[in-house]
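Shown next: work_27.txt, given as compact mmCIF, C-alpha atoms.
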```
# COMPACT_ATOMS: atom_id res chain seq x y z
CA GLY A 1 12.84 3.68 -10.25
CA ASP A 2 14.45 2.15 -13.31
CA GLY A 3 14.85 -1.50 -12.49
CA GLY A 4 14.82 -2.70 -16.09
CA SER A 5 12.16 -4.96 -17.53
CA SER A 6 13.05 -7.84 -15.18
CA GLY A 7 12.54 -5.52 -12.19
CA TRP A 8 9.19 -4.31 -13.50
CA ARG A 9 7.63 -7.75 -13.99
CA PRO A 10 5.53 -9.26 -11.18
CA PRO A 11 7.76 -10.94 -8.59
CA ARG A 12 8.04 -14.71 -8.73
CA ALA A 13 7.15 -16.77 -5.71
CA ALA A 14 10.32 -17.60 -3.81
CA HIS A 15 10.93 -20.57 -1.53
CA ASP A 16 11.53 -19.18 1.94
CA THR A 17 11.54 -21.30 5.08
CA ARG A 18 11.56 -18.35 7.49
CA PRO A 19 8.36 -17.65 9.46
CA ARG A 20 6.54 -14.89 7.61
CA ALA A 21 3.54 -12.66 8.26
CA ARG A 22 0.14 -14.02 7.31
CA SER A 23 -0.81 -12.46 4.00
CA PHE A 24 -4.10 -12.17 2.13
CA GLY A 25 -4.79 -10.59 -1.25
CA GLN A 26 -2.40 -9.63 -4.04
CA PRO A 27 -0.15 -6.60 -3.39
CA GLY A 28 -0.11 -4.32 -6.43
CA GLY A 29 -2.56 -6.57 -8.23
CA ARG A 30 -5.15 -3.91 -8.99
CA ARG A 31 -2.51 -1.45 -10.25
CA ARG A 32 -0.82 -4.06 -12.46
CA GLU A 33 -4.16 -5.12 -13.93
CA SER A 34 -5.00 -1.51 -14.77
CA TYR A 35 -1.52 -0.93 -16.18
CA LEU A 36 -1.74 -3.92 -18.53
CA THR A 37 -5.23 -3.01 -19.74
CA LEU A 38 -4.38 0.64 -20.40
CA MET A 39 -0.99 -0.22 -21.92
CA ARG A 40 -2.68 -2.43 -24.52
CA GLU A 41 -5.18 0.32 -25.26
CA TRP A 42 -2.41 2.90 -25.61
CA ALA A 43 -0.32 0.66 -27.87
CA GLY A 44 -3.31 0.30 -30.17
CA ARG A 45 -5.89 -2.35 -30.82
CA GLY A 46 -4.36 -5.28 -32.67
CA ALA A 47 -0.79 -4.09 -32.01
CA ASP A 48 1.80 -6.71 -31.17
CA LEU A 49 2.74 -6.28 -27.50
CA PRO A 50 5.02 -9.19 -26.57
CA ASP A 51 6.43 -7.52 -23.46
CA PRO A 52 4.39 -4.81 -21.71
CA TYR A 53 7.34 -4.30 -19.34
CA ASP A 54 9.89 -3.62 -22.08
CA PRO A 55 11.99 -0.65 -20.83
CA ALA A 56 11.77 1.25 -24.13
CA LEU A 57 7.98 0.86 -24.14
CA VAL A 58 7.57 1.88 -20.49
CA ARG A 59 9.72 4.99 -20.91
CA THR A 60 7.63 6.24 -23.85
CA ALA A 61 4.28 5.49 -22.16
CA PRO A 62 2.15 8.34 -20.77
CA ARG A 63 2.89 9.46 -17.22
CA GLU A 64 -0.35 7.94 -15.95
CA LEU A 65 0.71 4.47 -17.07
CA ARG A 66 4.18 4.80 -15.59
CA ARG A 67 2.61 5.97 -12.34
CA LEU A 68 0.40 2.86 -12.19
CA LEU A 69 3.42 0.61 -12.61
CA ALA A 70 5.43 2.57 -10.03
CA ASP A 71 2.61 2.26 -7.51
CA ALA A 72 2.35 -1.49 -8.12
CA LEU A 73 6.09 -1.84 -7.48
CA ALA A 74 5.76 0.27 -4.32
CA GLU A 75 2.97 -1.95 -2.99
CA GLU A 76 5.01 -5.07 -3.71
CA ALA A 77 8.02 -3.60 -1.90
CA THR A 78 5.89 -2.88 1.16
CA ALA A 79 4.53 -6.43 1.08
CA ARG A 80 8.06 -7.85 1.15
CA ALA A 81 9.01 -5.66 4.10
CA VAL A 82 5.92 -6.62 6.10
CA GLY A 83 6.34 -10.30 5.29
CA ASP A 84 9.76 -10.25 6.92
CA LEU A 85 8.26 -9.11 10.24
CA GLY A 86 7.21 -12.67 11.05
CA MET A 87 4.17 -14.61 12.18
CA GLY A 88 3.06 -12.03 14.73
CA TYR A 89 1.73 -9.86 11.90
CA THR A 90 -1.20 -10.22 9.51
CA VAL A 91 -1.57 -8.17 6.34
CA TRP A 92 -4.39 -7.76 3.84
CA HIS A 93 -3.46 -6.24 0.46
CA ASP A 94 -5.64 -4.30 -2.00
CA VAL A 95 -8.60 -4.01 0.37
CA ALA A 96 -11.80 -2.40 -0.90
CA ALA A 97 -12.47 0.62 1.27
CA ASP A 98 -15.87 1.44 -0.23
CA PRO A 99 -17.95 -1.18 -2.12
CA ARG A 100 -19.63 1.63 -4.06
CA ASP A 101 -16.31 3.00 -5.34
CA PRO A 102 -13.98 0.33 -6.81
CA ASP A 103 -11.14 2.86 -7.12
CA HIS A 104 -11.13 3.63 -3.39
CA LYS A 105 -8.93 1.01 -1.79
CA LEU A 106 -6.50 0.57 1.05
CA ASP A 107 -3.16 -0.69 -0.28
CA HIS A 108 -2.48 -2.63 2.92
CA VAL A 109 -4.16 -3.28 6.26
CA ILE A 110 -1.52 -4.43 8.76
CA LEU A 111 -2.24 -5.92 12.17
CA GLY A 112 0.47 -6.68 14.71
CA PRO A 113 1.41 -6.27 18.36
CA SER A 114 2.12 -2.55 17.79
CA GLY A 115 -1.35 -1.80 16.44
CA LEU A 116 -3.69 -1.90 13.44
CA TYR A 117 -2.61 0.31 10.55
CA ALA A 118 -3.94 1.34 7.15
CA VAL A 119 -0.94 1.74 4.86
CA LEU A 120 -0.61 3.56 1.55
CA SER A 121 2.40 2.75 -0.68
CA GLU A 122 3.19 5.62 -3.06
CA ASP A 123 5.82 6.48 -5.64
CA VAL A 124 5.14 9.74 -7.45
CA GLY A 125 8.59 9.99 -8.96
CA GLY A 126 9.79 13.01 -7.00
CA PRO A 127 10.12 14.73 -3.62
CA ILE A 128 7.12 14.88 -1.31
CA ARG A 129 6.35 17.44 1.39
CA LEU A 130 3.68 17.89 4.02
CA ARG A 131 1.39 20.87 4.32
CA ARG A 132 -1.56 21.07 6.71
CA GLY A 133 -1.63 17.32 7.19
CA GLU A 134 -1.56 16.42 3.50
CA LEU A 135 1.04 15.38 0.93
CA ILE A 136 2.08 17.92 -1.69
CA GLY A 137 4.46 17.57 -4.62
CA ASP A 138 4.53 17.65 -8.39
CA GLY A 139 3.32 14.07 -8.74
CA VAL A 140 0.72 14.04 -5.97
CA VAL A 141 -2.85 13.54 -7.15
CA GLY A 142 -5.81 14.28 -4.89
CA ALA A 143 -5.55 13.98 -1.12
CA PRO A 144 -3.78 10.67 -0.35
CA ILE A 145 -3.73 11.06 3.44
CA ALA A 146 -7.35 12.15 3.70
CA ASP A 147 -8.47 9.32 1.41
CA THR A 148 -6.56 6.71 3.40
CA VAL A 149 -7.92 8.01 6.69
CA ALA A 150 -11.46 7.90 5.28
CA GLY A 151 -10.94 4.34 4.07
CA ALA A 152 -9.59 3.22 7.44
CA ARG A 153 -12.51 4.78 9.27
CA ALA A 154 -15.02 3.12 6.92
CA LEU A 155 -13.43 -0.32 7.28
CA GLY A 156 -13.12 0.15 11.03
CA ARG A 157 -16.85 0.83 11.31
CA ALA A 158 -17.70 -2.20 9.17
CA ALA A 159 -15.48 -4.54 11.19
CA ARG A 160 -16.20 -2.86 14.56
CA VAL A 161 -12.48 -2.35 15.19
CA ARG A 162 -10.43 0.76 15.83
CA PHE A 163 -7.41 1.56 13.69
CA SER A 164 -4.30 2.72 15.49
CA GLY A 165 -3.25 4.97 12.64
CA VAL A 166 -2.34 5.52 9.01
CA ILE A 167 1.14 5.10 7.52
CA ILE A 168 2.18 6.57 4.17
CA VAL A 169 5.20 4.73 2.72
CA LEU A 170 7.39 6.55 0.19
CA PRO A 171 10.76 5.86 -1.50
CA ASP A 172 13.69 6.89 0.69
CA ASP A 173 14.89 9.54 -1.75
CA ASP A 174 11.50 11.29 -1.83
CA VAL A 175 11.23 12.22 1.87
CA ALA A 176 13.17 14.72 3.93
CA GLN A 177 13.30 12.46 7.00
CA ALA A 178 12.86 8.74 7.50
CA ILE A 179 9.95 8.98 9.95
CA GLU A 180 7.71 12.03 10.20
CA GLU A 181 4.76 11.75 12.55
CA VAL A 182 2.06 14.18 11.48
CA GLY A 183 -0.24 13.89 14.48
CA LYS A 184 -3.94 13.12 14.24
CA VAL A 185 -6.09 13.53 11.14
CA ARG A 186 -9.80 13.02 11.82
CA GLY A 187 -8.91 11.15 15.00
CA LEU A 188 -6.27 8.83 13.51
CA LEU A 189 -2.52 9.06 14.01
CA VAL A 190 -0.67 9.62 10.73
CA ALA A 191 2.99 9.15 9.81
CA VAL A 192 4.94 9.53 6.57
CA VAL A 193 7.69 6.92 6.46
CA ALA A 194 10.62 6.10 4.18
CA ARG A 195 10.40 2.57 2.86
CA SER A 196 13.59 1.50 4.68
CA ALA A 197 12.10 2.62 8.02
CA LEU A 198 8.76 0.83 7.67
CA GLN A 199 9.75 -2.26 9.65
CA THR A 200 11.02 -0.08 12.49
CA VAL A 201 7.71 1.79 12.68
CA LEU A 202 5.60 -1.36 12.53
CA ARG A 203 7.64 -3.01 15.28
CA ARG A 204 7.50 -0.08 17.68
CA GLY A 205 4.19 1.54 16.62
CA LEU A 206 3.30 5.20 16.25
CA THR A 207 3.68 7.53 19.21
CA GLY A 208 0.45 7.38 21.19
CA ALA A 209 -0.75 4.06 19.77
CA ARG A 210 -1.27 1.31 22.32
CA ASP A 211 -0.01 -2.23 21.90
CA ILE A 212 -2.38 -5.07 21.01
CA GLY A 213 -1.87 -8.51 22.43
CA GLY A 214 -3.30 -11.94 23.12
CA ASN A 215 -7.02 -12.39 22.72
CA GLU A 216 -7.57 -8.86 21.43
CA LEU A 217 -5.22 -9.48 18.50
CA PHE A 218 -7.10 -12.66 17.62
CA ASP A 219 -10.47 -10.91 17.94
CA ILE A 220 -9.47 -8.02 15.65
CA ARG A 221 -8.09 -10.43 13.04
CA THR A 222 -11.31 -12.44 13.12
CA ARG A 223 -13.50 -9.35 12.74
CA LEU A 224 -11.44 -8.10 9.79
CA GLN A 225 -11.50 -11.49 8.08
CA GLN A 226 -15.28 -11.40 8.17
CA VAL A 227 -15.63 -8.08 6.34
CA VAL A 228 -12.53 -7.58 4.19
CA ARG A 229 -13.22 -7.59 0.46
CA PHE A 230 -10.48 -7.18 -2.12
CA ALA A 231 -10.45 -4.46 -4.75
```

What do you get writing this file as structure tokens?
Amino acid sequence: GDGGSSGWRPPRAAHDTRPRARSFGQPGGRRRESYLTLMREWAGRGADLPDPYDPALVRTAPRELRRLLADALAEEATARAVGDLGMGYTVWHDVAADPRDPDHKLDHVILGPSGLYAVLSEDVGGPIRLRRGELIGDGVVGAPIADTVAGARALGRAARVRFSGVIIVLPDDDVAQAIEEVGKVRGLLVAVVARSALQTVLRRGLTGARDIGGNELFDIRTRLQQVVRFA
């Protein structure tokens, strides 16, 4: 989306007295870091780059750079939505899914009464469809659902916890319906969700996922805290 340079800069910390979800890590941090590094390289060594978020500069940048910035903004938007769910939820951002592959990360790991979910925040700049359990569209690179499922399974094994499912979050305009439950992919429930419907899904859970409460919620959070590493 075109939010102007002020909308593209990292969000400032805001004073908010409402109870918010526990949050660890920096949403969009890895993508923004990559964007800034590659933007300086693209502008040219020694070039004056006073504002890497200048709208004219961003619009002329290669698609790969604009995609990095869009993904960072998408991750930050998801973080705001999850934060508003309250103290019953815990979220880890930019989680390393595979220590051997720094580029393989889970955008968000979200734990709450409705389950434990691995969440991918995407913005490919155009409509997205599903085919055979995977995202397709002009801006889709690789296999986002399969990669997120693989990352969730790997982290689940390391922490000795079981994920309830995987949620793919996309801009509202890029999906045909607000909530589309795909079914199971490699044993994990998967749903593609419009950003405005994310809170609804996280409050009620995916169809077939069981609720988590009391001591089990505390135990899962403790196990994850012991193994989570940030990308």

Interatomic distance (Å, one decimal) between atom CA of A:Val193 and atom CA of A:Thr222:
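These atoms are spaced 27.9 Å apart.
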
Can you work out the spacing between atom CA of A:Leu111 and atom CA of A:His93 in Å, to one decimal?
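If I compute the distance from atom CA of A:Leu111 to atom CA of A:His93, I get 11.8 Å.
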
Env of A:Arg203: 8 Å cut, atoms = all atoms listed in the file, seq-sep filter 2 positions within chain, self excluded. Answer as a list in words.
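So the residues in contact are Leu85, Pro113, Ser114, Gln199, Thr200, Val201 and Gly205 of chain A.
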
Please write the residues from the selection above to a file, keeping C-alpha atoms, as an mmCIF file, keeping the file's coordinate frame.
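Output file part25.cif follows:
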```cif
data_model
loop_
_atom_site.group_PDB
_atom_site.id
_atom_site.type_symbol
_atom_site.label_atom_id
_atom_site.label_comp_id
_atom_site.auth_asym_id
_atom_site.auth_seq_id
_atom_site.Cartn_x
_atom_site.Cartn_y
_atom_site.Cartn_z
ATOM 1 C CA LEU A 85 8.260 -9.110 10.240
ATOM 2 C CA PRO A 113 1.410 -6.270 18.360
ATOM 3 C CA SER A 114 2.120 -2.550 17.790
ATOM 4 C CA GLN A 199 9.750 -2.260 9.650
ATOM 5 C CA THR A 200 11.020 -0.080 12.490
ATOM 6 C CA VAL A 201 7.710 1.790 12.680
ATOM 7 C CA GLY A 205 4.190 1.540 16.620
#
```

How far is it from atom CA of A:Leu73 to atom CA of A:Ile179, in Å with one decimal?
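Distance between the two atoms: 20.9 Å.
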
Between A:Gly28, A:Gly125, A:Pro11, A:Gly112, which one has atoms that come closest to A:Arg67, using only C-alpha atoms?
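Smallest distance to A:Arg67 is found for A:Gly125.
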
For each of A:Leu106, A:Leu49, A:Leu206, A:Ala197, take the minimum atom-to-atom distance to A:Pro27, counting all atoms listed in the file, then give the residue where this is smallest.
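For A:Pro27, the nearest of the candidates is A:Leu106.
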
Please identify every residue of stretch 155-214 of chain A that has at least one atom no farther than 9 Å from an atom of stretch 129-142 of chain A, counting all atoms listed in the file, and for each give the shortest atom pair and the distance in Å to one decimal, arranged by chain then increasing number, as a Markdown table.
```
| residue | atom | partner | partner_atom | distance |
| --- | --- | --- | --- | --- |
| A:Asp174 | CA | A:Arg129 | CA | 8.6 |
| A:Val175 | CA | A:Arg129 | CA | 7.2 |
| A:Ala176 | CA | A:Arg129 | CA | 7.8 |
| A:Val182 | CA | A:Gly133 | CA | 6.5 |
| A:Gly183 | CA | A:Gly133 | CA | 8.2 |
| A:Lys184 | CA | A:Gly133 | CA | 8.5 |
| A:Val185 | CA | A:Gly133 | CA | 7.1 |
| A:Val190 | CA | A:Gly133 | CA | 8.5 |
| A:Val192 | CA | A:Leu130 | CA | 8.8 |
```
